[in-house]
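Novice: Quick one, start14.pdb (PDB, C-alpha atoms):
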```pdb
ATOM      1  CA  MET A   1      22.517  94.810 101.231
ATOM      2  CA  ILE A   2      24.348  96.712  98.553
ATOM      3  CA  GLY A   3      27.269  98.090 100.449
ATOM      4  CA  ALA A   4      28.315  95.587 103.063
ATOM      5  CA  THR A   5      28.887  92.720 100.642
ATOM      6  CA  GLU A   6      31.543  94.663  98.710
ATOM      7  CA  LEU A   7      33.922  94.814 101.663
ATOM      8  CA  PRO A   8      37.286  93.024 101.437
ATOM      9  CA  GLY A   9      37.851  90.089 103.751
ATOM     10  CA  TRP A  10      39.733  91.655 106.652
ATOM     11  CA  ALA A  11      37.345  94.627 106.865
ATOM     12  CA  ALA A  12      34.307  92.341 106.765
ATOM     13  CA  ILE A  13      35.681  90.142 109.573
ATOM     14  CA  THR A  14      36.622  93.166 111.700
ATOM     15  CA  THR A  15      33.205  94.767 111.215
ATOM     16  CA  ALA A  16      31.414  91.500 111.985
ATOM     17  CA  LEU A  17      33.384  90.907 115.196
ATOM     18  CA  LEU A  18      32.971  94.471 116.458
ATOM     19  CA  VAL A  19      29.237  94.512 115.723
ATOM     20  CA  LEU A  20      28.758  91.167 117.472
ATOM     21  CA  VAL A  21      30.733  92.287 120.540
ATOM     22  CA  GLY A  22      28.800  95.553 120.759
ATOM     23  CA  ALA A  23      25.405  93.905 120.389
ATOM     24  CA  GLY A  24      26.300  91.228 122.934
ATOM     25  CA  LEU A  25      27.390  93.810 125.493
ATOM     26  CA  THR A  26      24.227  95.820 124.932
ATOM     27  CA  LEU A  27      22.091  92.711 125.370
ATOM     28  CA  THR A  28      23.964  91.892 128.601
ATOM     29  CA  GLY A  29      23.316  95.394 129.918
ATOM     30  CA  SER A  30      19.629  95.230 129.094
ATOM     31  CA  LEU A  31      19.323  91.787 130.697
ATOM     32  CA  GLY A  32      20.852  93.327 133.808
ATOM     33  CA  LEU A  33      18.243  96.074 133.617
ATOM     34  CA  LEU A  34      15.633  93.327 133.539
ATOM     35  CA  ARG A  35      17.041  91.001 136.202
ATOM     36  CA  LEU A  36      18.587  93.136 138.956
ATOM     37  CA  GLN A  37      16.480  93.640 142.055
ATOM     38  CA  ARG A  38      16.815  97.210 143.288
ATOM     39  CA  PHE A  39      16.670 100.478 141.369
ATOM     40  CA  TYR A  40      20.134 101.585 142.473
ATOM     41  CA  GLU A  41      21.554  98.326 141.086
ATOM     42  CA  ARG A  42      19.578  98.615 137.876
ATOM     43  CA  VAL A  43      21.021 102.060 137.131
ATOM     44  CA  HIS A  44      24.435 100.510 136.527
ATOM     45  CA  ALA A  45      23.393  97.904 133.975
ATOM     46  CA  PRO A  46      22.480  99.890 130.794
ATOM     47  CA  THR A  47      25.721 101.873 130.924
ATOM     48  CA  LEU A  48      27.419  98.753 129.552
ATOM     49  CA  GLY A  49      25.553  99.282 126.293
ATOM     50  CA  ALA A  50      25.852 103.054 126.432
ATOM     51  CA  THR A  51      29.654 103.042 126.655
ATOM     52  CA  LEU A  52      31.350  99.896 125.351
ATOM     53  CA  GLY A  53      28.501  98.635 123.142
ATOM     54  CA  THR A  54      28.073 102.014 121.465
ATOM     55  CA  GLY A  55      31.847 102.376 121.113
ATOM     56  CA  SER A  56      32.434  99.070 119.373
ATOM     57  CA  ILE A  57      29.450  99.425 117.016
ATOM     58  CA  LEU A  58      30.616 102.951 116.131
ATOM     59  CA  ILE A  59      34.143 101.680 115.413
ATOM     60  CA  ALA A  60      32.638  98.931 113.240
ATOM     61  CA  SER A  61      30.652 101.560 111.322
ATOM     62  CA  MET A  62      33.773 103.705 110.903
ATOM     63  CA  VAL A  63      35.801 100.758 109.543
ATOM     64  CA  CYS A  64      32.989  99.754 107.176
ATOM     65  CA  PHE A  65      32.396 103.207 105.686
ATOM     66  CA  THR A  66      36.100 104.084 105.536
ATOM     67  CA  VAL A  67      36.790 100.983 103.434
ATOM     68  CA  LEU A  68      33.626 101.374 101.342
ATOM     69  CA  GLN A  69      34.196 105.029 100.419
ATOM     70  CA  THR A  70      38.058 104.756 100.303
ATOM     71  CA  ARG A  71      38.427 107.889 102.414
ATOM     72  CA  PRO A  72      38.460 108.436 106.177
ATOM     73  CA  VAL A  73      34.859 108.590 107.437
ATOM     74  CA  LEU A  74      35.031 109.834 110.993
ATOM     75  CA  HIS A  75      31.664 111.457 111.638
ATOM     76  CA  GLU A  76      30.678 108.604 113.987
ATOM     77  CA  ILE A  77      32.942 110.325 116.514
ATOM     78  CA  LEU A  78      30.107 112.858 116.915
ATOM     79  CA  ILE A  79      27.816 110.198 118.383
ATOM     80  CA  ALA A  80      30.643 108.819 120.538
ATOM     81  CA  VAL A  81      31.465 112.236 122.022
ATOM     82  CA  PHE A  82      27.824 113.001 122.573
ATOM     83  CA  MET A  83      27.068 109.701 124.327
ATOM     84  CA  THR A  84      30.197 110.057 126.477
ATOM     85  CA  ILE A  85      29.064 113.483 127.637
ATOM     86  CA  THR A  86      25.355 112.832 128.106
ATOM     87  CA  THR A  87      25.191 109.377 129.724
ATOM     88  CA  PRO A  88      26.767 110.369 133.091
ATOM     89  CA  ILE A  89      24.719 113.570 133.233
ATOM     90  CA  THR A  90      21.471 111.694 132.611
ATOM     91  CA  LEU A  91      22.140 108.933 135.116
ATOM     92  CA  MET A  92      23.387 111.259 137.859
ATOM     93  CA  LEU A  93      20.285 113.432 137.491
ATOM     94  CA  LEU A  94      18.086 110.313 137.514
ATOM     95  CA  VAL A  95      19.695 108.931 140.669
ATOM     96  CA  ARG A  96      19.393 112.297 142.383
ATOM     97  CA  ALA A  97      15.690 112.352 141.498
ATOM     98  CA  ALA A  98      15.262 108.802 142.825
ATOM     99  CA  LEU A  99      17.088 109.662 146.064
ATOM    100  CA  PHE A 100      14.918 112.758 146.490
ATOM    101  CA  ARG A 101      11.747 110.734 145.995
ATOM    102  CA  ASP A 102      12.873 107.972 148.370
ATOM    103  CA  ARG A 103      13.812 110.420 151.118
ATOM    104  CA  HIS A 104      10.578 112.345 150.655
ATOM    105  CA  GLU A 105       8.524 109.157 150.986
ATOM    106  CA  ALA A 106      10.489 107.935 153.998
ATOM    107  CA  ALA A 107      10.013 111.273 155.771
ATOM    108  CA  ARG A 108       6.300 111.268 155.017
ATOM    109  CA  ARG A 109       5.898 107.667 156.234
ATOM    110  CA  GLU A 110       7.777 108.504 159.425
ATOM    111  CA  SER A 111       5.605 111.496 160.161
ATOM    112  CA  MET A 112       2.427 109.483 159.463
ATOM    113  CA  ALA A 113       3.572 106.698 161.824
ATOM    114  CA  GLY A 114       4.422 109.243 164.509
ATOM    115  CA  ALA A 115       1.012 110.899 164.220
ATOM    116  CA  SER A 116      -0.936 107.634 164.350
ATOM    117  CA  SER A 117       0.812 106.305 167.455
ATOM    118  CA  GLY A 118       0.342 109.534 169.316
ATOM    119  CA  GLU A 119       4.044 110.234 169.704
ATOM    120  CA  ARG A 120       5.125 113.716 168.881
ATOM    121  CA  PRO A 121       8.646 114.811 168.008
ATOM    122  CA  ASP A 122      10.739 116.218 170.818
ATOM    123  CA  THR A 123      10.345 119.769 169.617
ATOM    124  CA  ASP A 124       6.635 119.795 170.462
ATOM    125  CA  ARG A 125       7.097 118.895 174.104
ATOM    126  CA  PRO A 126       7.307 121.681 176.630
ATOM    127  CA  ALA A 127      10.731 122.050 178.166
ATOM    128  CA  SER A 128      10.692 120.813 181.737
TER
ATOM    129  CA  MET B   1      32.836  83.916 102.107
ATOM    130  CA  SER B   2      33.585  86.815 104.432
ATOM    131  CA  ALA B   3      30.556  88.651 103.036
ATOM    132  CA  THR B   4      28.256  85.867 104.230
ATOM    133  CA  TRP B   5      30.005  85.990 107.617
ATOM    134  CA  LEU B   6      29.288  89.708 107.782
ATOM    135  CA  THR B   7      25.654  89.262 106.728
ATOM    136  CA  TRP B   8      25.018  86.551 109.304
ATOM    137  CA  SER B   9      26.738  88.390 112.135
ATOM    138  CA  LEU B  10      24.801  91.561 111.302
ATOM    139  CA  THR B  11      21.561  89.560 111.428
ATOM    140  CA  LEU B  12      22.572  88.053 114.771
ATOM    141  CA  ALA B  13      23.524  91.472 116.134
ATOM    142  CA  GLN B  14      20.178  92.896 115.042
ATOM    143  CA  ILE B  15      18.341  90.050 116.787
ATOM    144  CA  MET B  16      20.361  90.683 119.965
ATOM    145  CA  LEU B  17      19.669  94.406 119.844
ATOM    146  CA  ALA B  18      15.963  93.743 119.317
ATOM    147  CA  LEU B  19      15.989  91.474 122.395
ATOM    148  CA  ALA B  20      17.738  94.224 124.347
ATOM    149  CA  MET B  21      15.027  96.656 123.242
ATOM    150  CA  ALA B  22      12.398  94.145 124.396
ATOM    151  CA  CYS B  23      14.047  94.026 127.842
ATOM    152  CA  ALA B  24      13.992  97.815 128.026
ATOM    153  CA  VAL B  25      10.327  97.907 126.964
ATOM    154  CA  PHE B  26       9.506  95.356 129.660
ATOM    155  CA  ARG B  27      11.178  97.573 132.266
ATOM    156  CA  LEU B  28       9.367 100.584 130.815
ATOM    157  CA  LEU B  29       5.974  98.909 131.126
ATOM    158  CA  ARG B  30       6.431  96.965 134.379
ATOM    159  CA  GLY B  31       8.804  99.221 136.301
ATOM    160  CA  PRO B  32       7.655  99.377 139.891
ATOM    161  CA  ARG B  33       8.299 103.093 140.178
ATOM    162  CA  ALA B  34       8.554 106.087 137.882
ATOM    163  CA  GLN B  35      12.354 106.239 137.917
ATOM    164  CA  ASP B  36      12.497 102.644 136.636
ATOM    165  CA  ARG B  37      10.345 103.656 133.696
ATOM    166  CA  VAL B  38      12.596 106.609 132.883
ATOM    167  CA  LEU B  39      15.630 104.311 133.061
ATOM    168  CA  GLY B  40      13.910 101.859 130.699
ATOM    169  CA  LEU B  41      13.185 104.667 128.249
ATOM    170  CA  ASP B  42      16.837 105.754 128.373
ATOM    171  CA  ALA B  43      18.066 102.217 127.632
ATOM    172  CA  LEU B  44      15.430 101.894 124.903
ATOM    173  CA  TYR B  45      16.624 104.891 122.916
ATOM    174  CA  VAL B  46      20.280 103.876 123.204
ATOM    175  CA  ASN B  47      19.417 100.414 121.882
ATOM    176  CA  ALA B  48      17.321 101.857 119.063
ATOM    177  CA  MET B  49      20.249 104.088 118.064
ATOM    178  CA  LEU B  50      22.576 101.063 117.931
ATOM    179  CA  LEU B  51      20.016  99.128 115.866
ATOM    180  CA  LEU B  52      19.868 101.999 113.372
ATOM    181  CA  LEU B  53      23.683 101.959 113.140
ATOM    182  CA  THR B  54      23.676  98.248 112.288
ATOM    183  CA  PHE B  55      21.025  98.911 109.635
ATOM    184  CA  GLY B  56      23.356 101.566 108.242
ATOM    185  CA  ILE B  57      26.286  99.134 108.092
ATOM    186  CA  ARG B  58      24.102  96.566 106.372
ATOM    187  CA  SER B  59      22.761  98.894 103.687
ATOM    188  CA  GLY B  60      25.908 100.968 103.249
ATOM    189  CA  SER B  61      24.076 104.296 103.326
ATOM    190  CA  THR B  62      24.869 107.180 105.666
ATOM    191  CA  LEU B  63      21.231 108.220 106.067
ATOM    192  CA  TYR B  64      20.855 105.869 109.020
ATOM    193  CA  PHE B  65      23.782 107.576 110.736
ATOM    194  CA  GLU B  66      21.969 110.892 110.685
ATOM    195  CA  ALA B  67      18.838 109.293 112.126
ATOM    196  CA  ALA B  68      20.967 107.764 114.893
ATOM    197  CA  LEU B  69      22.522 111.161 115.651
ATOM    198  CA  VAL B  70      19.083 112.766 115.928
ATOM    199  CA  ILE B  71      17.913 109.968 118.250
ATOM    200  CA  ALA B  72      20.988 110.449 120.465
ATOM    201  CA  LEU B  73      20.385 114.198 120.686
ATOM    202  CA  LEU B  74      16.644 114.130 121.303
ATOM    203  CA  GLY B  75      16.700 111.123 123.637
ATOM    204  CA  PHE B  76      19.009 112.991 126.000
ATOM    205  CA  VAL B  77      16.687 115.992 126.018
ATOM    206  CA  GLY B  78      13.670 113.765 126.650
ATOM    207  CA  THR B  79      15.281 111.926 129.538
ATOM    208  CA  VAL B  80      16.443 115.146 131.176
ATOM    209  CA  ALA B  81      12.924 116.598 130.860
ATOM    210  CA  LEU B  82      11.433 113.487 132.485
ATOM    211  CA  VAL B  83      13.981 113.652 135.319
ATOM    212  CA  LYS B  84      13.117 117.308 135.839
ATOM    213  CA  PHE B  85       9.480 116.281 136.056
ATOM    214  CA  LEU B  86      10.322 113.640 138.685
ATOM    215  CA  LEU B  87      12.275 116.162 140.729
ATOM    216  CA  ARG B  88       9.969 119.167 140.614
ATOM    217  CA  GLY B  89       6.588 117.988 139.373
ATOM    218  CA  GLU B  90       6.841 120.364 136.423
ATOM    219  CA  VAL B  91       8.991 120.485 133.318
ATOM    220  CA  ILE B  92       8.971 124.239 132.711
ATOM    221  CA  GLU B  93       8.673 126.461 135.748
TER
END
```
Can you dump the structure from the file as structure tokens?

Specialist:
Amino acid sequence: MIGATELPGWAAITTALLVLVGAGLTLTGSLGLLRLQRFYERVHAPTLGATLGTGSILIASMVCFTVLQTRPVLHEILIAVFMTITTPITLMLLVRAALFRDRHEAARRESMAGASSGERPDTDRPAS
Amino acid sequence: MSATWLTWSLTLAQIMLALAMACAVFRLLRGPRAQDRVLGLDALYVNAMLLLLTFGIRSGSTLYFEAALVIALLGFVGTVALVKFLLRGEVIE
């Protein structure tokens, strides 16, 4: 705790509020990840922390280091840009994988049920 | 006065982020299916990156920022590799 205690009042209050808001939003998103029932509902929850939580904590870090070093410190924008690009890609790929797995399992279960009850699909019957 | 406010709110934010990481670890360990575990891992690395950023604000050093950047880069690669594994059964074909 060398740096953060040397901040002037307004910067300290701004940083504290932004960090608290970001951490609260991230905790809300992770609680949603814990509490929601289905996978397709759970996918939505952590994006709260990945977008708004990350954004406000990054802005807090930018304010803190800009005031501490008395020059504009903007390299946190790198993380912001990177998270903005990668989060939708990751979650869309994940949901596509989950959909693929669900459909694959449903098709397999259907074919197993059809085989056990002796019913064949229509394509196997001879045309009459 | 405002410095103590900042210290206490940073402590509170770190506790909240640690709880969020605990939720993600719970989903990672108990997830009913593989995609739930991958989602828990994704949330876990985002929360760890935010925790490192709050450590950086608290100590006033920019080393933590670089660690957070590396976590953001490599976590994305890891999640995409796991999703590829879920889709195809192999990572590198």

Novice: Separation of atom CA of A:Pro46 and atom CA of B:Val38, in Å?

Specialist: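 So the two atoms, atom CA of A:Pro46 and atom CA of B:Val38, lie 12.1 Å apart.
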
Novice: Report as JSON lines: every residue of chain B with an atom at most 7 Å from chain A, its closest pair of atoms, and their distance in Å to one decimal, counting all atoms listed in the file, with rows sorted by chain and ascending residue number.

Specialist:
```
{"residue": "B:Ser2", "atom": "CA", "partner": "A:Gly9", "partner_atom": "CA", "distance": 5.4}
{"residue": "B:Ala3", "atom": "CA", "partner": "A:Thr5", "partner_atom": "CA", "distance": 5.0}
{"residue": "B:Leu6", "atom": "CA", "partner": "A:Ala16", "partner_atom": "CA", "distance": 5.0}
{"residue": "B:Ser9", "atom": "CA", "partner": "A:Ala16", "partner_atom": "CA", "distance": 5.6}
{"residue": "B:Leu10", "atom": "CA", "partner": "A:Ala16", "partner_atom": "CA", "distance": 6.6}
{"residue": "B:Ala13", "atom": "CA", "partner": "A:Ala23", "partner_atom": "CA", "distance": 5.3}
{"residue": "B:Met16", "atom": "CA", "partner": "A:Ala23", "partner_atom": "CA", "distance": 6.0}
{"residue": "B:Leu17", "atom": "CA", "partner": "A:Ala23", "partner_atom": "CA", "distance": 5.8}
{"residue": "B:Leu19", "atom": "CA", "partner": "A:Leu27", "partner_atom": "CA", "distance": 6.9}
{"residue": "B:Ala20", "atom": "CA", "partner": "A:Leu27", "partner_atom": "CA", "distance": 4.7}
{"residue": "B:Cys23", "atom": "CA", "partner": "A:Ser30", "partner_atom": "CA", "distance": 5.8}
{"residue": "B:Ala24", "atom": "CA", "partner": "A:Ser30", "partner_atom": "CA", "distance": 6.3}
{"residue": "B:Arg27", "atom": "CA", "partner": "A:Leu34", "partner_atom": "CA", "distance": 6.3}
{"residue": "B:Gln35", "atom": "CA", "partner": "A:Ala98", "partner_atom": "CA", "distance": 6.3}
{"residue": "B:Asp36", "atom": "CA", "partner": "A:Phe39", "partner_atom": "CA", "distance": 6.7}
{"residue": "B:Ala43", "atom": "CA", "partner": "A:Pro46", "partner_atom": "CA", "distance": 5.9}
{"residue": "B:Val46", "atom": "CA", "partner": "A:Ala50", "partner_atom": "CA", "distance": 6.5}
{"residue": "B:Leu50", "atom": "CA", "partner": "A:Thr54", "partner_atom": "CA", "distance": 6.6}
{"residue": "B:Ile57", "atom": "CA", "partner": "A:Ser61", "partner_atom": "CA", "distance": 5.9}
{"residue": "B:Arg58", "atom": "CA", "partner": "A:Ala4", "partner_atom": "CA", "distance": 5.4}
{"residue": "B:Ser59", "atom": "CA", "partner": "A:Met1", "partner_atom": "CA", "distance": 4.8}
{"residue": "B:Gly60", "atom": "CA", "partner": "A:Gly3", "partner_atom": "CA", "distance": 4.2}
{"residue": "B:Leu69", "atom": "CA", "partner": "A:Ile79", "partner_atom": "CA", "distance": 6.0}
{"residue": "B:Phe76", "atom": "CA", "partner": "A:Thr86", "partner_atom": "CA", "distance": 6.7}
{"residue": "B:Thr79", "atom": "CA", "partner": "A:Thr90", "partner_atom": "CA", "distance": 6.9}
{"residue": "B:Val80", "atom": "CA", "partner": "A:Thr90", "partner_atom": "CA", "distance": 6.3}
{"residue": "B:Val83", "atom": "CA", "partner": "A:Leu94", "partner_atom": "CA", "distance": 5.7}
{"residue": "B:Leu86", "atom": "CA", "partner": "A:Ala97", "partner_atom": "CA", "distance": 6.2}
{"residue": "B:Leu87", "atom": "CA", "partner": "A:Ala97", "partner_atom": "CA", "distance": 5.2}
```

Novice: Grab the atom CA of A:Glu105 to atom CA of B:Phe85 distance for me, in Å with one decimal place.

Specialist: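 Between atom CA of A:Glu105 and atom CA of B:Phe85 the gap works out to 16.6 Å.
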
Novice: Find, counting only C-alpha atoms, the residue in A:Glu110, A:Thr66, A:Arg71, A:Ile85 that gets nearest to A:Thr51.

Specialist: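 Closest residue, counting only C-alpha atoms: A:Ile85.
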
Novice: Could you work out how far atom CA of B:Met49 lies from atom CA of B:Val70, giving the answer in Å with one decimal?

Specialist: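 So the answer is 9.0 Å.
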
Novice: Using only C-alpha atoms, find the one residue out of B:Ala81, B:Ala22, B:Leu12, B:Leu73 that sits nearest to B:Asn47.

Specialist: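 Once distances to B:Asn47 are computed over only C-alpha atoms, the minimum belongs to B:Ala22.
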
Novice: Quick one: of B:Leu39, B:Val25, B:Gln14, B:Glu90, who's nearest to B:Leu53, counting all atoms listed in the file?

Specialist: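 Smallest distance to B:Leu53 is found for B:Gln14.
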